[in-house]
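Chemist: Right, I'll just put the structure down here and ask away after.
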Amino acid sequence: MRIARYVPYLVGAAVAATFPLFSGAYLEQVAGATLIYLTLALSWDMLLRSGQLGFGTAGFFGLGSYAAVLLFLNVGVQPFVSIIFGGIVAGVVALLLGLAVLRLRGMYFAITTLALAGIFAVVLRNFPSLTGGAEGKMLPSCIFSGDTANVYWLILVVAVMTIVISEVFERTRIHVALTSIRNDERVAKSSGVNVFKYLVFVFAVTSAIQGIAGGVYAHVFGFVSPEGSFSANFLLLPLAMALLGGIHSTWGPVIGALVLGALSEYLKLQIPYGHLLVYGAIIVVVILFLPQGLSGAARAWRGRSHAARGAR
Amino acid sequence: MRLLRRLRRGQVLLLLVSLGVLVLMMLWKPYALIEGLQRGGLYALIALPMALILGVVGIINLAHGEFMMLGAYFAYWLGVYTGLDPLVAMIPALVAFALLGAATYLLTIRRALKAPELNQLLLTFGVAMVGAEFANLMWTSQPLKPHLSYVYSSMTLGKLRFGAYAFVYTVSAIVLLVLLSLFLRRTRLGRAALAVGQNPRGAKLVGIDINRTYLAIFSLSIALVGAIGAMFLTRNSVFPSAGSPYTMKSFCLIALAGIGNLPSVVWGGFGLGIAEALVLSFRGYGGWADVVFFAVLVAVILGRSYRRQTA
């Protein structure tokens with residue numbers, strides 16, 4: 001019985017790891033993009049578990065992209081080193097900004113982080129000699145010379161690492177601390193939780209993950225630009241995915257990302273301009289009618305059938 | 001009592017300092033001052049309806065700028081099909097956007113009034129995305145702008161020669177502030193709105209229909225911002241992402257002013273407009289102007305939170 005519980009995870013892991021063996025370059029690319037968004041969706045949710053709604057996903061993603069590309073071009077390190085450097089830069093910037101911004105709550109925090117993508121883009125655009133200004137920078141060649149199977153495995157490693165970090169957060173005392181902050185910050189504080197320290201820590205870790213995702217993305221597509229790297233897509237899509245799947249959990253955002261990642265390719269082919277309309281609509285509909293997302297709805301449904309069986 | 005006197009003294013000091021800055025600016029960079037008052041007028045004008053919703057309904061409408069953008073599209077296409085001037089199109093826009101606002105309220109906002117604040121933020125963010133992507137789907141991302149000759153009118157004052165038309169934003173912001181203040185103090189609905197904004201439960205107890213007040217204020221605000229979009233179009237081009245910066249800037253002004261304080265939104269708008277124009281007037285540093293709002297916002301909010309901690 002206990003082994004049976006792990007079967008779905010094992011099957012999922014096996015399929016994910018061997019995916020390139022039975023699919024073509026196109027599917028690998030779709031899966032890679034989906035996993036990037038999955039990473040962003042999960043990292044966004046990890047901060048949300050503390051009750052702080054951050055809109056800074058696109059900002060730290062772009063920051064990581066730029067940091068990785070600029071280190072790679074100017075110092076000439078390995079791509080992997082530059083990707084990790086991108087994550088470190090995003091994490092350190094988040095740590096320093098967090099010391100100030102995390103004193104804000106609710107809408108003030110949300111909107112200040114929403115502004116970050118714009119501010120980072122402005123700052124980077126204003127140093128054209130280093131960052132290429134409004135045009136951005138091109139890489140001489142993409143990572144793995146564009147081999148989609150290797151790219152897929154690289155992104156998979158990042159996504160799995162994020163899932164592991166998220167599970168660690170869920171299963172240690174961090175989970176208790178964050179949940180208590182979310183439920184009632186004053187009670188958390190008076191129970192001895194160092195609220196500010198935990199928030200800064202989570203903000204820095206999730207931003208570093210977003211920075212790493214940005215570094216990978218920049219190396220896969222071979223360029224950075226203020227408009228492309230800080231695009232609102234890197235905020236909108238992860239939000240829609242996490243909300244659809246169900247927030248405050250690891251597997252909700254994962255499920256949401258897989259569902260919407262597959263759907264997005266179909267939509268892109270059907271509606272080339274403005275297919276993001278669907279994501280906005282998903283956010284609205286989920287908030288209004290399905291606030292716990294798909295996983296919450298499934299849990300409720302299972303609970304009801306359990307109760308029905310119990311009654312019989 | 002002593003607190004009141006100290007507050008007054010602080011206000012007098014603030015007034016003197018801002019007057020001093022104005023005189024200095026007039027001597028040093030008169031064009032930046034003029035440009036700043038025009039810009040600031042537009043910012044204040046757009047922020048006022050958002051301040052109304054936040055003060056009364058208590059919801060931050062992240063789709064505010066998108067409604068402004070849709071208003072500009074409305075005026076543009078009305079102009080293309082009927083030849084109506086955008087400034088005249090403000091009247092049909094007022095009606096159309098009152099209906100759009102009412103529909104948005106009934107379909108979405110009303111259902112989220114009791115939800116946690118984060119859900120409301122996410123909801124209006126989703127509405128904003130729907131608005132922007134709807135424009136993208138219908139009219140692509142091509143910027144559109146009608147040709148109007150009167151916006152290039154200029155005037156001469158002493159040795160200065162500058163565009164006069166954009167002062168329409170400055171004047172409109174002050175007119176709208178006066179009208180809204182009169183509305184909130186003198187009319188039945190306005191007083192009800194103030195009461196609901198202060199304490200919804202208390203307002204309900206004295207017999208105010210909260211739901212209808214929310215609906216009226218939300219529709220009024222969206223109607224205003226739709227009409228302002230038509231006015232926006234006379235000087236700016238419209239494209240799907242034209243609205244979102246104004247959502248941010250409006251929020252900055254409201255956060256600076258404090259929720260429910262309409263006059264300070266306008267003065268703050270002028271102040272930050274002048275600050276932006278000043279940054280823009282330095283050759284080679286103009287790109288930094290976009291950061292001014294947020295630098296000031298973060299500084300003010302942090303200053304307040306520190307003062308609260310030490311007090």
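Labels used: A, B, ... for chains in the order of the structure tokens, numbers from 1 for residues in each chain, and numbers from 1 for ligands as shown.
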Find the spatial neighbours of stretch 230-245 of chain A, counting only C-alpha atoms, within a cut-off of 8 Å - ignore same-chain residues fewer than 3 positions away - and output them as a ChimeraX atom specification.

Modeler: /A:37-38,40-42,44-45,55-59,61-62,117-118,121,225-227,251-257,259-260,279-280,282-283,286-287,291-295 /B:129

Chemist: Distance limit 9 Å, atoms considered: only C-alpha atoms. Which chain A residues sit that close to chain B? Return them as an NGL selection string.

Modeler: :A and (51-53 or 100-101 or 103-104 or 106-108 or 110-112 or 114-115 or 118-119 or 122-123 or 125-126 or 236 or 239-240 or 271-288 or 291)

Chemist: Using the selection just defined, write its residues with N, CA and C atoms as a compact mmCIF listing (two decimals), in the first residue's frame.

Modeler:
```txt
# COMPACT_ATOMS: atom_id res chain seq x y z
N GLY A 51 1.81 34.82 2.50
CA GLY A 51 0.79 35.86 2.50
C GLY A 51 1.21 37.11 1.76
N GLN A 52 2.39 37.09 1.14
CA GLN A 52 2.84 38.27 0.39
C GLN A 52 2.64 38.01 -1.09
N LEU A 53 1.82 38.86 -1.72
CA LEU A 53 1.58 38.74 -3.15
C LEU A 53 2.64 39.54 -3.88
N ALA A 100 14.06 46.63 2.48
CA ALA A 100 13.21 47.82 2.48
C ALA A 100 11.77 47.45 2.13
N VAL A 101 11.60 46.72 1.01
CA VAL A 101 10.27 46.52 0.43
C VAL A 101 9.41 45.62 1.31
N ARG A 103 8.94 45.66 4.30
CA ARG A 103 8.23 46.35 5.37
C ARG A 103 6.83 46.72 4.90
N LEU A 104 6.61 46.65 3.60
CA LEU A 104 5.29 46.96 3.05
C LEU A 104 4.44 45.71 3.09
N GLY A 106 0.46 43.88 1.73
CA GLY A 106 -0.74 43.93 0.90
C GLY A 106 -0.48 44.59 -0.44
N MET A 107 -1.34 45.55 -0.77
CA MET A 107 -1.25 46.16 -2.09
C MET A 107 0.03 46.98 -2.25
N TYR A 108 0.57 47.54 -1.14
CA TYR A 108 1.78 48.34 -1.29
C TYR A 108 2.94 47.46 -1.73
N ALA A 110 2.63 44.50 -3.25
CA ALA A 110 2.34 43.95 -4.57
C ALA A 110 2.72 44.94 -5.66
N ILE A 111 2.33 46.20 -5.48
CA ILE A 111 2.53 47.15 -6.57
C ILE A 111 3.98 47.59 -6.64
N THR A 112 4.66 47.69 -5.49
CA THR A 112 6.08 48.02 -5.55
C THR A 112 6.84 46.93 -6.29
N LEU A 114 5.54 44.98 -8.53
CA LEU A 114 5.10 45.07 -9.93
C LEU A 114 5.95 46.09 -10.68
N ALA A 115 6.38 47.13 -9.96
CA ALA A 115 7.18 48.17 -10.61
C ALA A 115 8.61 47.72 -10.86
N GLY A 118 9.85 47.15 -14.44
CA GLY A 118 10.04 48.41 -15.16
C GLY A 118 11.31 49.11 -14.72
N ILE A 119 11.56 49.12 -13.40
CA ILE A 119 12.73 49.84 -12.90
C ILE A 119 14.01 49.17 -13.36
N VAL A 122 14.62 49.95 -16.94
CA VAL A 122 15.09 51.33 -17.15
C VAL A 122 16.57 51.43 -16.79
N VAL A 123 16.94 50.85 -15.63
CA VAL A 123 18.33 50.95 -15.19
C VAL A 123 19.25 50.29 -16.22
N ARG A 125 18.70 49.75 -19.38
CA ARG A 125 18.70 50.47 -20.65
C ARG A 125 19.60 51.69 -20.57
N ASN A 126 19.80 52.21 -19.36
CA ASN A 126 20.55 53.45 -19.24
C ASN A 126 22.06 53.24 -19.12
N LEU A 236 2.49 37.05 -16.10
CA LEU A 236 1.10 36.66 -16.36
C LEU A 236 0.95 35.15 -16.44
N LEU A 239 1.40 33.25 -13.07
CA LEU A 239 0.27 33.53 -12.19
C LEU A 239 -0.92 32.68 -12.58
N ALA A 240 -1.24 32.70 -13.89
CA ALA A 240 -2.40 31.94 -14.35
C ALA A 240 -2.21 30.46 -14.05
N ILE A 271 -4.58 31.65 -32.12
CA ILE A 271 -4.72 33.10 -32.00
C ILE A 271 -3.33 33.70 -31.86
N PRO A 272 -2.64 33.99 -32.97
CA PRO A 272 -1.27 34.49 -32.83
C PRO A 272 -1.19 35.81 -32.06
N TYR A 273 -2.12 36.74 -32.31
CA TYR A 273 -2.12 38.02 -31.59
C TYR A 273 -3.10 37.95 -30.43
N GLY A 274 -2.65 38.25 -29.25
CA GLY A 274 -3.60 38.38 -28.15
C GLY A 274 -4.06 37.06 -27.56
N HIS A 275 -3.28 35.96 -27.72
CA HIS A 275 -3.71 34.72 -27.09
C HIS A 275 -3.58 34.80 -25.57
N LEU A 276 -2.87 35.84 -25.10
CA LEU A 276 -2.75 36.00 -23.65
C LEU A 276 -4.07 36.40 -23.01
N LEU A 277 -5.02 36.83 -23.85
CA LEU A 277 -6.36 37.14 -23.35
C LEU A 277 -6.89 35.98 -22.52
N VAL A 278 -6.61 34.76 -23.00
CA VAL A 278 -7.11 33.57 -22.33
C VAL A 278 -6.54 33.48 -20.91
N TYR A 279 -5.26 33.87 -20.75
CA TYR A 279 -4.65 33.77 -19.42
C TYR A 279 -5.27 34.76 -18.45
N GLY A 280 -5.50 35.99 -18.95
CA GLY A 280 -6.17 36.97 -18.10
C GLY A 280 -7.53 36.45 -17.68
N ALA A 281 -8.26 35.87 -18.65
CA ALA A 281 -9.60 35.35 -18.35
C ALA A 281 -9.50 34.21 -17.34
N ILE A 282 -8.47 33.36 -17.48
CA ILE A 282 -8.32 32.25 -16.54
C ILE A 282 -8.12 32.78 -15.12
N ILE A 283 -7.27 33.83 -15.00
CA ILE A 283 -7.04 34.39 -13.66
C ILE A 283 -8.36 34.87 -13.06
N VAL A 284 -9.14 35.61 -13.87
CA VAL A 284 -10.41 36.16 -13.36
C VAL A 284 -11.34 35.03 -12.96
N VAL A 285 -11.51 34.05 -13.84
CA VAL A 285 -12.49 32.98 -13.59
C VAL A 285 -12.07 32.15 -12.37
N VAL A 286 -10.78 31.85 -12.28
CA VAL A 286 -10.32 31.02 -11.16
C VAL A 286 -10.54 31.75 -9.84
N ILE A 287 -10.19 33.05 -9.79
CA ILE A 287 -10.37 33.81 -8.55
C ILE A 287 -11.84 33.84 -8.15
N LEU A 288 -12.72 33.97 -9.14
CA LEU A 288 -14.14 34.11 -8.81
C LEU A 288 -14.80 32.79 -8.45
N PRO A 291 -11.36 29.37 -6.24
CA PRO A 291 -10.21 29.97 -5.57
C PRO A 291 -9.16 28.96 -5.11
```

Chemist: Between A:Gly54, A:Gly215, A:Pro20, A:Gly32, which is the closest to A:Pro79 once you count only C-alpha atoms?

Modeler: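 Going through A:Gly54, A:Gly215, A:Pro20, A:Gly32 one by one, the smallest distance to A:Pro79 is for A:Gly215.
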
Chemist: Apply DSSP to the structure's backbone, then extract all residues of stretch 20-261 of chain B labelled strand (DSSP E or B) and return them as an mmCIF file with N, CA and C atoms, in the first residue's frame.

Modeler:
```
data_model
loop_
_atom_site.group_PDB
_atom_site.id
_atom_site.type_symbol
_atom_site.label_atom_id
_atom_site.label_comp_id
_atom_site.auth_asym_id
_atom_site.auth_seq_id
_atom_site.Cartn_x
_atom_site.Cartn_y
_atom_site.Cartn_z
ATOM 1 N N LEU B 144 -1.778 54.206 -32.413
ATOM 2 C CA LEU B 144 -2.729 54.980 -33.213
ATOM 3 C C LEU B 144 -2.852 56.379 -32.623
ATOM 4 N N SER B 154 0.459 77.406 -29.461
ATOM 5 C CA SER B 154 1.478 77.769 -28.477
ATOM 6 C C SER B 154 1.189 79.173 -27.971
ATOM 7 N N MET B 155 1.830 79.509 -26.877
ATOM 8 C CA MET B 155 1.667 80.870 -26.388
ATOM 9 C C MET B 155 2.999 81.424 -25.938
ATOM 10 N N THR B 156 3.086 82.730 -25.854
ATOM 11 C CA THR B 156 4.340 83.396 -25.522
ATOM 12 C C THR B 156 4.144 84.170 -24.235
ATOM 13 N N LEU B 157 5.103 84.014 -23.354
ATOM 14 C CA LEU B 157 5.015 84.703 -22.069
ATOM 15 C C LEU B 157 6.389 85.307 -21.824
ATOM 16 N N LEU B 160 9.514 83.419 -23.063
ATOM 17 C CA LEU B 160 9.257 81.982 -23.187
ATOM 18 C C LEU B 160 8.187 81.718 -24.234
ATOM 19 N N ARG B 161 8.411 80.695 -25.049
ATOM 20 C CA ARG B 161 7.393 80.289 -26.005
ATOM 21 C C ARG B 161 7.163 78.797 -25.801
ATOM 22 N N PHE B 162 5.929 78.399 -25.525
ATOM 23 C CA PHE B 162 5.699 76.985 -25.190
ATOM 24 C C PHE B 162 4.317 76.548 -25.654
ATOM 25 N N GLY B 163 4.143 75.216 -25.724
ATOM 26 C CA GLY B 163 2.857 74.650 -26.123
ATOM 27 C C GLY B 163 1.823 74.918 -25.047
ATOM 28 N N VAL B 238 -2.246 55.832 -28.781
ATOM 29 C CA VAL B 238 -2.781 54.769 -27.954
ATOM 30 C C VAL B 238 -2.329 53.422 -28.517
#
```

Chemist: Looking only at the backbone, which of the residues in stretch 115-293 of chain B does DSSP tag as helix (DSSP H, G or I), as number ranges by chain?

Modeler: B: 117-139, 150-152, 167-186, 188-198, 200-205, 210-233, 240-242, 244-257, 262-280, 286-293

Chemist: Name the residues in contact with A:Val220 at a cut-off of 7 Å, using only C-alpha atoms, excluding same-chain residues fewer than 5 positions from it; report them as a list of chain:residue names.

Modeler: A:Cys142, A:Ile143, A:Gly146

Chemist: Can you list, as an MDAnalysis selection string, every protein, DNA or RNA residue that comes within 12 Å of B:Gln38 when you count only C-alpha atoms, leaving out same-chain residues fewer than 3 positions away?

Modeler: chainID B and resid 31:35 41:45 162:174 232 235 266 269:274 276:277

Chemist: Which one of B:Asn211, B:Ser181, B:Ser244, B:Asn261 sits closest to B:Leu70 if you count only C-alpha atoms?

Modeler: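 Closest to B:Leu70 of all the choices is B:Ser244.
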
Chemist: Could you tell me how far atom CA of A:Val216 sits from atom CA of A:Leu154, in Å to one decimal place?

Modeler: 8.2 Å

Chemist: Do a neighbour search on B:Ala75 at 9 Å with only C-alpha atoms, toss out local chain neighbours closer than 6 positions, and write the hits as an NGL selection string.

Modeler: :B and (84-90 or 92-93 or 227 or 229-231 or 233)

Chemist: Counting only C-alpha atoms, what is within 12 Å of B:Ala103, bar same-chain residues fewer than 3 positions away, as a ChimeraX atom specification?

Modeler: /B:96-100,106-110,215-216,218-219,222-223

Chemist: Quick one: residues within 9 Å of B:Leu180, only C-alpha atoms, excluding same-chain residues fewer than 5 positions away - as a JSON list (two decimals) with C-alpha atoms, in the first residue's frame?

Modeler:
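As written to disk, around_14.json reads:
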```json
[["chain", "number", "residue", "atom", "x", "y", "z"],
["B", 48, "LEU", "CA", -8.35, 60.92, -9.19],
["B", 52, "LEU", "CA", -12.26, 57.50, -5.60],
["B", 175, "VAL", "CA", -11.68, 71.17, -12.14],
["B", 185, "ARG", "CA", -19.76, 66.85, 0.28],
["B", 190, "GLY", "CA", -21.52, 61.52, -2.45],
["B", 262, "LEU", "CA", -8.09, 63.75, -3.04]]
```
